[in-house]
Amino acid sequence: MTVTMPEVSAGEVQTIVAARRLRHTKTVFIGVGRPSTAALLARMVHNPELILVYESGTIGAKPFHIPLSIGDGELAETADAIVSVPEMFNYWIGPGRIDVAFLGAAQIDRHANLNSTVIGDYAHPKTRLPGAGGAPEIAASCGEVIVIAPHAKRTFVEKLDFVTTVGHGTGPGSRERLGFAGRGPTAVITDLGVLEPDPATCELVLTQIHPGVEAGGVREETGWELRVAEELKTTEPPTDEELGKLRELLER
Amino acid sequence: MTVTMPEVSAGEVQTIVAARRLRHTKTVFIGVGRPSTAALLARMVHNPELILVYESGTIGAKPFHIPLSIGDGELAETADAIVSVPEMFNYWIGPGRIDVAFLGAAQIDRHANLNSTVIGDYAHPKTRLPGAGGAPEIAASCGEVIVIAPHAKRTFVEKLDFVTTVGHGTGPGSRERLGFAGRGPTAVITDLGVLEPDPATCELVLTQIHPGVEAGGVREETGWELRVAEELKTTEPPTDEELGKLRELLER
Amino acid sequence: MAELMSLSDAVAELVSDGDSVALEGFTHLIPFAAGHEIIRQGRRELELIRMTPDLLYDQMIGMGVARRLVFSYGGNPGVGGLHRFRDAIEHDWPRPVEIEEHSHAGMANRYAAGAAHLPMAVMRGYAGTDLMARSTVAPITCPFTGETLTAVPALRPDVAIVHAQEADYEGNVQLWGIPGVQKEAVLAAKRSLVTVERIVDKLELAPGGIVIPSWVITAVAEAPGGSRPSYSLGLTDRDNDFYKFWDKMSRDRQQFTEWMNENVLGKELSKR
Amino acid sequence: MAELMSLSDAVAELVSDGDSVALEGFTHLIPFAAGHEIIRQGRRELELIRMTPDLLYDQMIGMGVARRLVFSYGGNPGVGGLHRFRDAIEHDWPRPVEIEEHSHAGMANRYAAGAAHLPMAVMRGYAGTDLMARSTVAPITCPFTGETLTAVPALRPDVAIVHAQEADYEGNVQLWGIPGVQKEAVLAAKRSLVTVERIVDKLELAPGGIVIPSWVITAVAEAPGGSRPSYSLGLTDRDNDFYKFWDKMSRDRQQFTEWMNENVLGKELSKR
């Protein structure tokens with residue numbers, strides 16, 4: 001069945017793996033880019049009832065095209081409800097009504113804390129990044145967080161240049177001390193594999209590798225001594241349906 | 001001109017005097033009953049641009065009929081904008097966007113503080129009244145407050161049984177100490193005359209009597225030693241237009 | 001997702017003796033049908049929460065449903081007092097009712113804090129009044145300006161019940177006209193029931209329409225005319241005459257009881 | 001009441017050098033025409049406030065309008081970074097820009113507090129992040145539960161500028177679609193300007209329509225297409241290609257300057 005398909009890119013696998021995570025999710029909070037594509041794919045393949053929430057205030061959007069911005073007209077036109085930004089954060093995100101949030105980051109550390117603010121010194125940055133946006137409160141309050149990031153040493157770092165968003169802080173108990181209601185990051189999905197926090201230490205562990213990837217290669221692309229799970233799984237290859245629908249979506 | 005009109009009631013004069021106060025007002029906050037009638041009359045006779053705001057959230061309502069409740073359908077149907085109750089109090093009343101508020105009360109003291117909560121002891125009341133509603137924050141924040149009340153000893157009392165709403169507190173400086181932005185009560189319009197606070201002491205002084213009323217009679221109906229202004233004015237009698245329009249309004 | 005249920009099943013499932021229950025609707029969209037069903041099912045010891053008790057809570061209090069009342073304005077709008085509310089507070093009839101009272105601004109902010117699942121909201125209010133001592137508010141200092149503001153504790157009812165114009169078969173709800181604090185009440189409560197005038201195939205966003213998605217609602221029940229004698233803008237009219245009638249009729253305990261027996265208890269809920 | 005003015009007169013009258021100015025619009029209804037007029041009129045030393053600086057502030061910063069920037073997300077939505085924003089922060093070009101940054105939740109609550117004329121809002125947020133130290137927020141304790149929450153100071157800009165679909169001749173404004181924080185920005189500011197796609201005889205409440213009454217607005221100016229390359233739902237479409245084009249073109253200082261000279265400075269505002 002899969003032989004008819006052209007070669008699968010690492011980015012496609014990453015998107016497909018992210019979509020699979022939404023199989024039993026009721027509501028997902030998504031930004032633009034790969035997370036948005038993954039959520040749309042999940043609605044097409046795994047979970048047609050999945051409710052998409054964008055921070056622009058569109059609740060239950062059903063876009064046919066992958067939106068460029070989180071506030072594209074199609075999101076507003078297809079939403080079940082549209083609310084103001086204060087309402088979105090105060091009544092919807094803050095109370096933890098959203099089950100899963102997809103977040104990206106420029107840097108991520110071993111406890112899944114995220115930096116999307118600055119590379120280098122804050123006052124004299126090497127690279128000024130966009131900043132926090134909704135991430136800190138989304139990560140604090142949503143049921144769980146799934147991070148989507150490219151796997152590279154400059155992204156998976158020993159120490160963040162700036163803590164924009166708390167994942168598991170300094171380890172067990174951090175989130176509780178900060179009063180966070182959500183469970184925090186439960187997975188980091190990269191183009192090489194999946195990292196999940198060790199329940200005991202909250203440290204990210206490589207639990208899954210995509211087809212054709214070696215654990216050693218993943219460790220090389222990680223800026224800390226990445227632990228590898230004893231039972232390392234290999235990602236099930238994309239099905240024809242997944243890949244077909246993904247490509248259909250990207251071509252719309 | 002006025003000879004053609006049937007006899008004028010004290011209540012009619014009270015309503016007409018209240019309406020005149022809105023001649024140069026941009027926005028008025030009104031409850032139901034006489035205040036609402038006065039504001040509608042003002043729109044008909046003195047100030048067609050007057051903007052009516054009801055605590056139900058209807059901003060710029062233009063009812064043809066006197067509404068029974070502050071949330072009648074006609075208010076919603078004719079409003080420029082409708083907002084939620086939290087928004088009404090937080091974004092519209094609190095910031096002092098409303099110039100004049102009409103308030104009623106079961107008891108009023110010499111500093112124009114109001115009781116609409118209870119007559120007698122709080123725990124074992126003689127008469128349980130409806131309670132605060134929007135009054136405390138309306139009186140604190142609106143540009144000025146005009147109280148509309150029937151003139152009787154049981155209403156104009158030496159000491160309130162319960163301070164529901166602060167008018168001028170214990171006198172000069174009270175409002176400033178409480179952080180109130182509005183000027184507080186500027187007039188109490190009764191069926192006998194008009195009381196206004198002395199600028200120096202904030203104590204209500206009789207400044208105007210309606211036609212046919214004697215200052216002595218007003219003092220008798222007041223529960224404290226009511227001061228009478230040196231230059232006591234007499235209310236200009238209702239014009240044909242005022243009375244005609246008022247009766248037209250009441251008959252709709 | 002909200003479950004579509006009959007009103008009687010929904011009340012049976014969602015409302016238990018001793019619960020704190022908020023039936024909201026500011027003049028408009030007052031959920032009378034649901035309140036009557038609570039009376040019929042004989043619920044007791046409820047903490048009833050509502051900005052404006054209105055005739056609905058007058059009826060529920062008079063029928064002995066309430067142990068406690070949380071409110072900000074207990075009048076018959078435009079008409080006068082609420083006689084059953086007064087009789088309960090003044091003479092403990094038919095039973096004593098504990099009260100906690102606020103201002104409208106305070107109640108509205110308490111619902112908003114509840115909808116945000118925050119423990120409190122800050123506002124300017126209550127200052128200088130005797131309400132401050134009778135209520136459950138506290139001063140709080142702004143760390144930036146030093147100004148003393150007022151903190152009000154969040155409302156988190158066990159159940160919120162509101163009425164709306166329509167829902168679709170998936171339980172998404174739309175209301176328009178005066179929105180009051182209905183959305184806040186639903187979002188603040190642990191469980192929620194929305195009664196609606198009608199169920200439609202597809203919600204078309206109405207001018208001024210507010211949509212509450214199905215997935216934050218526990219149950220939706222069809223109840224045509226369910227806000228009478230209040231109203232559902234565009235579908236039913238406010239029965240102002242009934243509000244005036246109530247003022248006269250409800251002064252007398254026996255007349256009230258007979259009226260309720262005949263018009264509420266005696267009415268089997270029509271099967272749907 | 002809002003005064004109907006030409007856009008150039010409105011900017012000349014409302015925006016002065018050194019003002020704090022919030023041009024809001026969350027992806028949707030971004031007031032580009034007004035921002036361009038500010039650039040054309042040569043305003044300097046502005047404190048620019050905006051949740052998402054977007055291309056508009058990238059242009060204004062690149063043209064040297066801003067002394068200070070208050071924001072929560074400085075990206076080109078769905079595309080990448082903002083090169084003029086980065087160049088100003090990284091290399092002080094064309095001039096140094098002081099920054100104050102927040103989270104979206106923080107900025108939204110700051111506007112809401114501003115609209116309420118309160119000195120602050122309370123929320124859960126910022127906790128544990130390095131933003132806490134770089135921002136202007138403070139811990140605050142709930143007097144009821146003892147929980148440590150975060151207080152954010154109110155935003156009260158000198159001027160707020162937003163774009164909407166339509167206004168009537170009395171200056172009442174209606175917008176629909178994603179409402180962002182536009183209403184809050186207008187209500188929080190000392191002065192406000194609303195640019196609109198069209199002026200109509202009478203506003204008809206639209207599905208999802210939000211009306212801002214004339215009497216809380218300072219000026220209304222007609223500016224058809226005034227939100228391009230952003231959009232005005234129902235009337236214009238978002239020019240996603242332009243957002244992608246901007247990413248390439250604006251990397252180079254000279255290209256940027258030439259583009260602005262030709263497309264913004266060179267464009268006389270069409271007479272209306």
# chains A, B, ... in the order shown; residues from 1 in each chain; ligands from 1
>>> residues_around(residues="stretch 205-215 of chain D", least_positions_apart="4", cutoff="7 Å", atoms="only C-alpha atoms", output="PyMOL selection string")
(chain B and resi 80-81) or (chain C and resi 205-209) or (chain D and resi 1-2+170-177)
>>> write_last_selection(atoms="N, CA, C and O atoms", output="tab-separated table (two decimals), in the first residue's frame")
chain	number	residue	atom	x	y	z
B	80	ASP	N	-28.16	51.68	20.92
B	80	ASP	CA	-27.01	51.76	20.01
B	80	ASP	C	-26.10	50.56	20.22
B	80	ASP	O	-25.51	50.04	19.29
B	81	ALA	N	-25.95	50.16	21.47
B	81	ALA	CA	-25.07	49.04	21.80
B	81	ALA	C	-25.63	48.33	23.03
B	81	ALA	O	-26.29	48.96	23.86
C	205	LEU	N	-25.44	32.80	13.05
C	205	LEU	CA	-25.07	33.88	13.97
C	205	LEU	C	-26.04	35.06	13.79
C	205	LEU	O	-26.21	35.57	12.69
C	206	ALA	N	-26.69	35.44	14.87
C	206	ALA	CA	-27.67	36.52	14.83
C	206	ALA	C	-26.99	37.85	15.13
C	206	ALA	O	-25.92	37.87	15.74
C	207	PRO	N	-27.60	38.95	14.69
C	207	PRO	CA	-27.06	40.26	15.11
C	207	PRO	C	-27.00	40.32	16.63
C	207	PRO	O	-27.98	40.02	17.31
C	208	GLY	N	-25.85	40.66	17.16
C	208	GLY	CA	-25.69	40.68	18.60
C	208	GLY	C	-25.64	39.30	19.22
C	208	GLY	O	-25.71	39.16	20.45
C	209	GLY	N	-25.55	38.26	18.40
C	209	GLY	CA	-25.59	36.91	18.93
C	209	GLY	C	-24.33	36.53	19.71
C	209	GLY	O	-23.23	36.88	19.32
D	1	MET	N	-19.14	63.54	21.36
D	1	MET	CA	-19.40	62.85	20.11
D	1	MET	C	-18.15	62.83	19.23
D	1	MET	O	-17.40	63.81	19.18
D	2	ALA	N	-17.96	61.75	18.52
D	2	ALA	CA	-16.82	61.66	17.62
D	2	ALA	C	-16.98	62.67	16.49
D	2	ALA	O	-18.07	62.88	15.98
D	170	GLU	N	-22.98	59.91	12.54
D	170	GLU	CA	-22.83	60.44	13.91
D	170	GLU	C	-21.58	59.92	14.59
D	170	GLU	O	-21.29	60.29	15.72
D	171	GLY	N	-20.87	59.05	13.90
D	171	GLY	CA	-19.61	58.58	14.48
D	171	GLY	C	-19.72	57.32	15.30
D	171	GLY	O	-18.76	56.92	15.97
D	172	ASN	N	-20.89	56.68	15.29
D	172	ASN	CA	-20.99	55.36	15.92
D	172	ASN	C	-20.30	54.35	15.02
D	172	ASN	O	-20.43	54.41	13.81
D	173	VAL	N	-19.57	53.43	15.64
D	173	VAL	CA	-18.70	52.53	14.88
D	173	VAL	C	-19.16	51.10	15.07
D	173	VAL	O	-19.57	50.71	16.16
D	174	GLN	N	-19.10	50.32	14.00
D	174	GLN	CA	-19.37	48.88	14.13
D	174	GLN	C	-18.24	48.07	13.51
D	174	GLN	O	-17.76	48.39	12.42
D	175	LEU	N	-17.84	47.04	14.24
D	175	LEU	CA	-16.88	46.08	13.69
D	175	LEU	C	-17.40	44.68	13.96
D	175	LEU	O	-18.19	44.45	14.86
D	176	TRP	N	-16.98	43.75	13.12
D	176	TRP	CA	-17.33	42.35	13.35
D	176	TRP	C	-16.16	41.47	12.93
D	176	TRP	O	-15.20	41.96	12.33
D	177	GLY	N	-16.26	40.19	13.25
D	177	GLY	CA	-15.12	39.30	13.05
D	177	GLY	C	-14.28	39.31	14.32
D	177	GLY	O	-14.79	39.61	15.40
>>> interface_residues(of="chain A", to="chain C", cutoff="12 Å", atoms="only C-alpha atoms", output="ChimeraX atom specification")
/A:26-27,49-51,53,58-61,76-84,86-99,141,179,181
>>> select_by_dssp(residues="stretch 9-198 of chain A", states="strand (DSSP E)", output="PyMOL selection string")
chain A and resi 27-29+51-53+58-61+81-82+100-103+107-108+114-115+118-120+125-128+144-148+185-189+193-197
>>> residues_around(residues="C:Asp241", least_positions_apart="5", cutoff="10 Å", atoms="only C-alpha atoms", output="PDB file with all heavy atoms, in the first residue's frame")
ATOM      1  N   LEU B  68     -41.237  49.252  31.819  1.00  0.00           N
ATOM      2  CA  LEU B  68     -41.560  48.824  33.183  1.00  0.00           C
ATOM      3  C   LEU B  68     -40.291  48.382  33.898  1.00  0.00           C
ATOM      4  O   LEU B  68     -40.032  48.758  35.030  1.00  0.00           O
ATOM      5  CB  LEU B  68     -42.584  47.679  33.187  1.00  0.00           C
ATOM      6  CG  LEU B  68     -42.985  47.216  34.599  1.00  0.00           C
ATOM      7  CD1 LEU B  68     -43.776  48.298  35.340  1.00  0.00           C
ATOM      8  CD2 LEU B  68     -43.807  45.921  34.569  1.00  0.00           C
TER       9      LEU B  68
ATOM     10  N   PRO C 229     -42.700  34.691  32.847  1.00  0.00           N
ATOM     11  CA  PRO C 229     -43.146  35.975  32.300  1.00  0.00           C
ATOM     12  C   PRO C 229     -42.009  36.927  31.889  1.00  0.00           C
ATOM     13  O   PRO C 229     -42.286  38.024  31.433  1.00  0.00           O
ATOM     14  CB  PRO C 229     -43.951  36.579  33.442  1.00  0.00           C
ATOM     15  CG  PRO C 229     -43.276  36.041  34.665  1.00  0.00           C
ATOM     16  CD  PRO C 229     -42.852  34.647  34.295  1.00  0.00           C
ATOM     17  N   TRP C 246     -48.381  39.908  40.071  1.00  0.00           N
ATOM     18  CA  TRP C 246     -47.647  39.207  41.121  1.00  0.00           C
ATOM     19  C   TRP C 246     -47.555  40.048  42.395  1.00  0.00           C
ATOM     20  O   TRP C 246     -47.648  39.544  43.509  1.00  0.00           O
ATOM     21  CB  TRP C 246     -46.244  38.837  40.625  1.00  0.00           C
ATOM     22  CG  TRP C 246     -45.519  37.964  41.606  1.00  0.00           C
ATOM     23  CD1 TRP C 246     -44.557  38.343  42.501  1.00  0.00           C
ATOM     24  CD2 TRP C 246     -45.735  36.566  41.802  1.00  0.00           C
ATOM     25  NE1 TRP C 246     -44.149  37.270  43.240  1.00  0.00           N
ATOM     26  CE2 TRP C 246     -44.858  36.164  42.846  1.00  0.00           C
ATOM     27  CE3 TRP C 246     -46.572  35.614  41.213  1.00  0.00           C
ATOM     28  CZ2 TRP C 246     -44.803  34.847  43.291  1.00  0.00           C
ATOM     29  CZ3 TRP C 246     -46.514  34.314  41.676  1.00  0.00           C
ATOM     30  CH2 TRP C 246     -45.646  33.938  42.699  1.00  0.00           C
TER      31      TRP C 246
END
>>> residues_around(residues="C:Thr52", least_positions_apart="6", cutoff="9 Å", atoms="only C-alpha atoms", output="list in words")
Gly133 of chain B; Glu24, Gly25, Phe26, Thr27, Phe71, Ser72, Tyr73, Gly74, Gly75, Asn76, Pro77 and His104 of chain C
>>> write_last_selection(atoms="all heavy atoms", output="compact mmCIF listing (two decimals), in the first residue's frame")
# COMPACT_ATOMS: atom_id res chain seq x y z
N GLY B 133 -28.39 46.92 44.49
CA GLY B 133 -28.36 46.99 43.03
C GLY B 133 -27.08 47.67 42.58
O GLY B 133 -26.01 47.41 43.13
N GLU C 24 -29.49 32.44 36.20
CA GLU C 24 -29.25 33.84 35.84
C GLU C 24 -30.07 34.29 34.63
O GLU C 24 -30.77 33.49 34.01
CB GLU C 24 -27.75 34.10 35.64
CG GLU C 24 -27.01 34.44 36.94
CD GLU C 24 -27.51 35.74 37.60
OE1 GLU C 24 -28.25 36.52 36.96
OE2 GLU C 24 -27.18 35.95 38.78
N GLY C 25 -29.94 35.54 34.29
CA GLY C 25 -30.79 36.18 33.28
C GLY C 25 -31.16 37.54 33.83
O GLY C 25 -31.90 37.61 34.81
N PHE C 26 -30.65 38.61 33.22
CA PHE C 26 -30.84 39.94 33.78
C PHE C 26 -32.06 40.58 33.12
O PHE C 26 -31.98 41.10 32.02
CB PHE C 26 -29.57 40.78 33.52
CG PHE C 26 -29.41 41.94 34.47
CD1 PHE C 26 -28.88 41.76 35.73
CD2 PHE C 26 -29.80 43.22 34.10
CE1 PHE C 26 -28.72 42.82 36.61
CE2 PHE C 26 -29.65 44.29 34.97
CZ PHE C 26 -29.11 44.10 36.22
N THR C 27 -33.22 40.45 33.80
CA THR C 27 -34.52 40.90 33.30
C THR C 27 -34.97 40.04 32.13
O THR C 27 -36.10 39.58 32.08
CB THR C 27 -34.50 42.39 32.88
OG1 THR C 27 -33.80 43.13 33.87
CG2 THR C 27 -35.91 42.94 32.77
N PHE C 71 -27.33 37.65 46.56
CA PHE C 71 -28.01 38.52 45.60
C PHE C 71 -27.51 39.95 45.69
O PHE C 71 -26.75 40.30 46.60
CB PHE C 71 -29.53 38.48 45.87
CG PHE C 71 -29.91 39.22 47.13
CD1 PHE C 71 -30.50 40.48 47.07
CD2 PHE C 71 -29.66 38.66 48.38
CE1 PHE C 71 -30.83 41.17 48.24
CE2 PHE C 71 -29.99 39.35 49.55
CZ PHE C 71 -30.58 40.60 49.48
N SER C 72 -27.99 40.79 44.77
CA SER C 72 -27.66 42.21 44.85
C SER C 72 -28.88 43.14 44.73
O SER C 72 -28.77 44.31 45.09
CB SER C 72 -26.62 42.60 43.79
OG SER C 72 -26.88 42.03 42.53
N TYR C 73 -30.01 42.64 44.22
CA TYR C 73 -31.19 43.51 44.16
C TYR C 73 -32.45 42.67 44.19
O TYR C 73 -32.82 42.06 43.18
CB TYR C 73 -31.17 44.39 42.91
CG TYR C 73 -32.35 45.33 42.84
CD1 TYR C 73 -32.33 46.55 43.53
CD2 TYR C 73 -33.50 44.99 42.13
CE1 TYR C 73 -33.41 47.40 43.50
CE2 TYR C 73 -34.60 45.83 42.10
CZ TYR C 73 -34.55 47.03 42.78
OH TYR C 73 -35.64 47.88 42.76
N GLY C 74 -33.13 42.66 45.32
CA GLY C 74 -34.30 41.81 45.50
C GLY C 74 -35.61 42.57 45.35
O GLY C 74 -36.41 42.62 46.29
N GLY C 75 -35.82 43.12 44.18
CA GLY C 75 -37.06 43.84 43.93
C GLY C 75 -37.83 43.27 42.76
O GLY C 75 -37.32 42.46 42.00
N ASN C 76 -39.10 43.69 42.64
CA ASN C 76 -39.90 43.39 41.46
C ASN C 76 -39.69 44.58 40.53
O ASN C 76 -40.23 45.66 40.77
CB ASN C 76 -41.37 43.25 41.87
CG ASN C 76 -42.30 42.94 40.70
OD1 ASN C 76 -41.96 43.19 39.54
ND2 ASN C 76 -43.46 42.42 41.00
N PRO C 77 -38.89 44.41 39.47
CA PRO C 77 -38.41 45.56 38.68
C PRO C 77 -39.55 46.45 38.20
O PRO C 77 -40.45 46.00 37.51
CB PRO C 77 -37.71 44.90 37.48
CG PRO C 77 -37.45 43.49 37.86
CD PRO C 77 -38.46 43.13 38.91
N HIS C 104 -24.50 45.17 42.47
CA HIS C 104 -24.47 44.58 41.13
C HIS C 104 -23.04 44.46 40.61
O HIS C 104 -22.65 43.43 40.04
CB HIS C 104 -25.25 45.47 40.14
CG HIS C 104 -26.72 45.23 40.13
ND1 HIS C 104 -27.33 44.20 40.80
CD2 HIS C 104 -27.72 45.91 39.51
CE1 HIS C 104 -28.64 44.26 40.60
NE2 HIS C 104 -28.90 45.28 39.81
>>> atom_distance(atom1="atom CA of B:Thr239", atom2="atom CA of B:Arg252")
20.1 Å
>>> residues_around(residues="D:Leu193", least_positions_apart="5", cutoff="12 Å", atoms="only C-alpha atoms", output="ChimeraX atom specification")
/D:1-15,21-24,31,33-35,158-164,167,171-173,182-183,185-187,212,214,216-223
>>> closest_residue(among="A:Ile148, A:Ala112, A:Val163, A:Leu195", to="A:Gly131", atoms="only C-alpha atoms")
A:Val163
>>> residues_around(residues="C:Arg44", least_positions_apart="4", cutoff="9 Å", atoms="only C-alpha atoms", output="list of chain:residue names")
C:Ser16, C:Asp17, C:Gly18, C:Asp19, C:Ile39, C:Gly64, C:Val65, C:Ala66, C:Arg67
>>> closest_residue(among="C:Arg156, C:Gln59, C:Ile38, C:Gln165", to="C:Lys190", atoms="only C-alpha atoms")
C:Arg156
>>> closest_residue(among="C:Asp58, C:Asp92, C:Glu147, C:Glu98", to="chain D", atoms="only C-alpha atoms")
C:Glu147
>>> atom_distance(atom1="atom CA of C:Gly106", atom2="atom CA of B:Ala132")
10.4 Å
>>> closest_residue(among="A:Val118, A:Ile146, A:Leu232, A:Val218", to="A:Ala39", atoms="only C-alpha atoms")
A:Ile146
>>> decode(residues="stretch 7-30 of chain D", atoms="N, CA and C atoms", output="PDB file, in the first residue's frame")
ATOM      1  N   LEU D   7      -8.464  61.650   7.452  1.00  0.00           N
ATOM      2  CA  LEU D   7      -7.424  60.930   8.194  1.00  0.00           C
ATOM      3  C   LEU D   7      -6.242  61.839   8.507  1.00  0.00           C
ATOM      4  N   SER D   8      -5.867  62.664   7.557  1.00  0.00           N
ATOM      5  CA  SER D   8      -4.691  63.523   7.811  1.00  0.00           C
ATOM      6  C   SER D   8      -4.995  64.543   8.903  1.00  0.00           C
ATOM      7  N   ASP D   9      -6.180  65.125   8.878  1.00  0.00           N
ATOM      8  CA  ASP D   9      -6.532  66.064   9.951  1.00  0.00           C
ATOM      9  C   ASP D   9      -6.583  65.347  11.298  1.00  0.00           C
ATOM     10  N   ALA D  10      -7.148  64.150  11.292  1.00  0.00           N
ATOM     11  CA  ALA D  10      -7.296  63.418  12.557  1.00  0.00           C
ATOM     12  C   ALA D  10      -5.936  63.110  13.165  1.00  0.00           C
ATOM     13  N   VAL D  11      -5.005  62.634  12.330  1.00  0.00           N
ATOM     14  CA  VAL D  11      -3.676  62.322  12.861  1.00  0.00           C
ATOM     15  C   VAL D  11      -2.987  63.599  13.320  1.00  0.00           C
ATOM     16  N   ALA D  12      -3.128  64.667  12.522  1.00  0.00           N
ATOM     17  CA  ALA D  12      -2.497  65.941  12.903  1.00  0.00           C
ATOM     18  C   ALA D  12      -3.025  66.414  14.256  1.00  0.00           C
ATOM     19  N   GLU D  13      -4.318  66.245  14.471  1.00  0.00           N
ATOM     20  CA  GLU D  13      -4.910  66.772  15.694  1.00  0.00           C
ATOM     21  C   GLU D  13      -4.680  65.871  16.900  1.00  0.00           C
ATOM     22  N   LEU D  14      -4.705  64.548  16.679  1.00  0.00           N
ATOM     23  CA  LEU D  14      -4.699  63.632  17.831  1.00  0.00           C
ATOM     24  C   LEU D  14      -3.316  63.144  18.257  1.00  0.00           C
ATOM     25  N   VAL D  15      -2.393  63.057  17.329  1.00  0.00           N
ATOM     26  CA  VAL D  15      -1.109  62.418  17.649  1.00  0.00           C
ATOM     27  C   VAL D  15       0.015  63.461  17.656  1.00  0.00           C
ATOM     28  N   SER D  16       0.661  63.592  18.803  1.00  0.00           N
ATOM     29  CA  SER D  16       1.772  64.544  18.910  1.00  0.00           C
ATOM     30  C   SER D  16       3.077  63.809  19.176  1.00  0.00           C
ATOM     31  N   ASP D  17       4.181  64.444  18.843  1.00  0.00           N
ATOM     32  CA  ASP D  17       5.488  63.867  19.153  1.00  0.00           C
ATOM     33  C   ASP D  17       5.557  63.517  20.635  1.00  0.00           C
ATOM     34  N   GLY D  18       6.097  62.346  20.929  1.00  0.00           N
ATOM     35  CA  GLY D  18       6.271  61.953  22.325  1.00  0.00           C
ATOM     36  C   GLY D  18       5.090  61.211  22.934  1.00  0.00           C
ATOM     37  N   ASP D  19       3.965  61.177  22.234  1.00  0.00           N
ATOM     38  CA  ASP D  19       2.773  60.497  22.774  1.00  0.00           C
ATOM     39  C   ASP D  19       2.974  58.988  22.899  1.00  0.00           C
ATOM     40  N   SER D  20       2.206  58.390  23.805  1.00  0.00           N
ATOM     41  CA  SER D  20       2.073  56.930  23.783  1.00  0.00           C
ATOM     42  C   SER D  20       0.861  56.614  22.920  1.00  0.00           C
ATOM     43  N   VAL D  21       1.085  55.776  21.924  1.00  0.00           N
ATOM     44  CA  VAL D  21       0.056  55.527  20.917  1.00  0.00           C
ATOM     45  C   VAL D  21      -0.132  54.025  20.745  1.00  0.00           C
ATOM     46  N   ALA D  22      -1.372  53.568  20.846  1.00  0.00           N
ATOM     47  CA  ALA D  22      -1.689  52.155  20.620  1.00  0.00           C
ATOM     48  C   ALA D  22      -2.477  52.026  19.333  1.00  0.00           C
ATOM     49  N   LEU D  23      -1.901  51.409  18.323  1.00  0.00           N
ATOM     50  CA  LEU D  23      -2.653  51.061  17.113  1.00  0.00           C
ATOM     51  C   LEU D  23      -2.970  49.581  17.242  1.00  0.00           C
ATOM     52  N   GLU D  24      -4.235  49.261  17.519  1.00  0.00           N
ATOM     53  CA  GLU D  24      -4.551  47.854  17.791  1.00  0.00           C
ATOM     54  C   GLU D  24      -5.326  47.201  16.646  1.00  0.00           C
ATOM     55  N   GLY D  25      -5.589  45.924  16.797  1.00  0.00           N
ATOM     56  CA  GLY D  25      -6.148  45.094  15.733  1.00  0.00           C
ATOM     57  C   GLY D  25      -5.374  43.794  15.761  1.00  0.00           C
ATOM     58  N   PHE D  26      -6.042  42.697  16.147  1.00  0.00           N
ATOM     59  CA  PHE D  26      -5.339  41.432  16.351  1.00  0.00           C
ATOM     60  C   PHE D  26      -5.425  40.623  15.052  1.00  0.00           C
ATOM     61  N   THR D  27      -4.376  40.721  14.232  1.00  0.00           N
ATOM     62  CA  THR D  27      -4.309  40.106  12.904  1.00  0.00           C
ATOM     63  C   THR D  27      -5.299  40.773  11.948  1.00  0.00           C
ATOM     64  N   HIS D  28      -6.514  40.937  12.411  1.00  0.00           N
ATOM     65  CA  HIS D  28      -7.636  41.514  11.688  1.00  0.00           C
ATOM     66  C   HIS D  28      -7.708  43.022  11.962  1.00  0.00           C
ATOM     67  N   LEU D  29      -8.156  43.799  10.988  1.00  0.00           N
ATOM     68  CA  LEU D  29      -8.456  45.224  11.200  1.00  0.00           C
ATOM     69  C   LEU D  29      -7.260  46.039  11.712  1.00  0.00           C
ATOM     70  N   ILE D  30      -6.091  45.761  11.214  1.00  0.00           N
ATOM     71  CA  ILE D  30      -4.915  46.526  11.656  1.00  0.00           C
ATOM     72  C   ILE D  30      -4.914  47.879  10.930  1.00  0.00           C
TER      73      ILE D  30
END
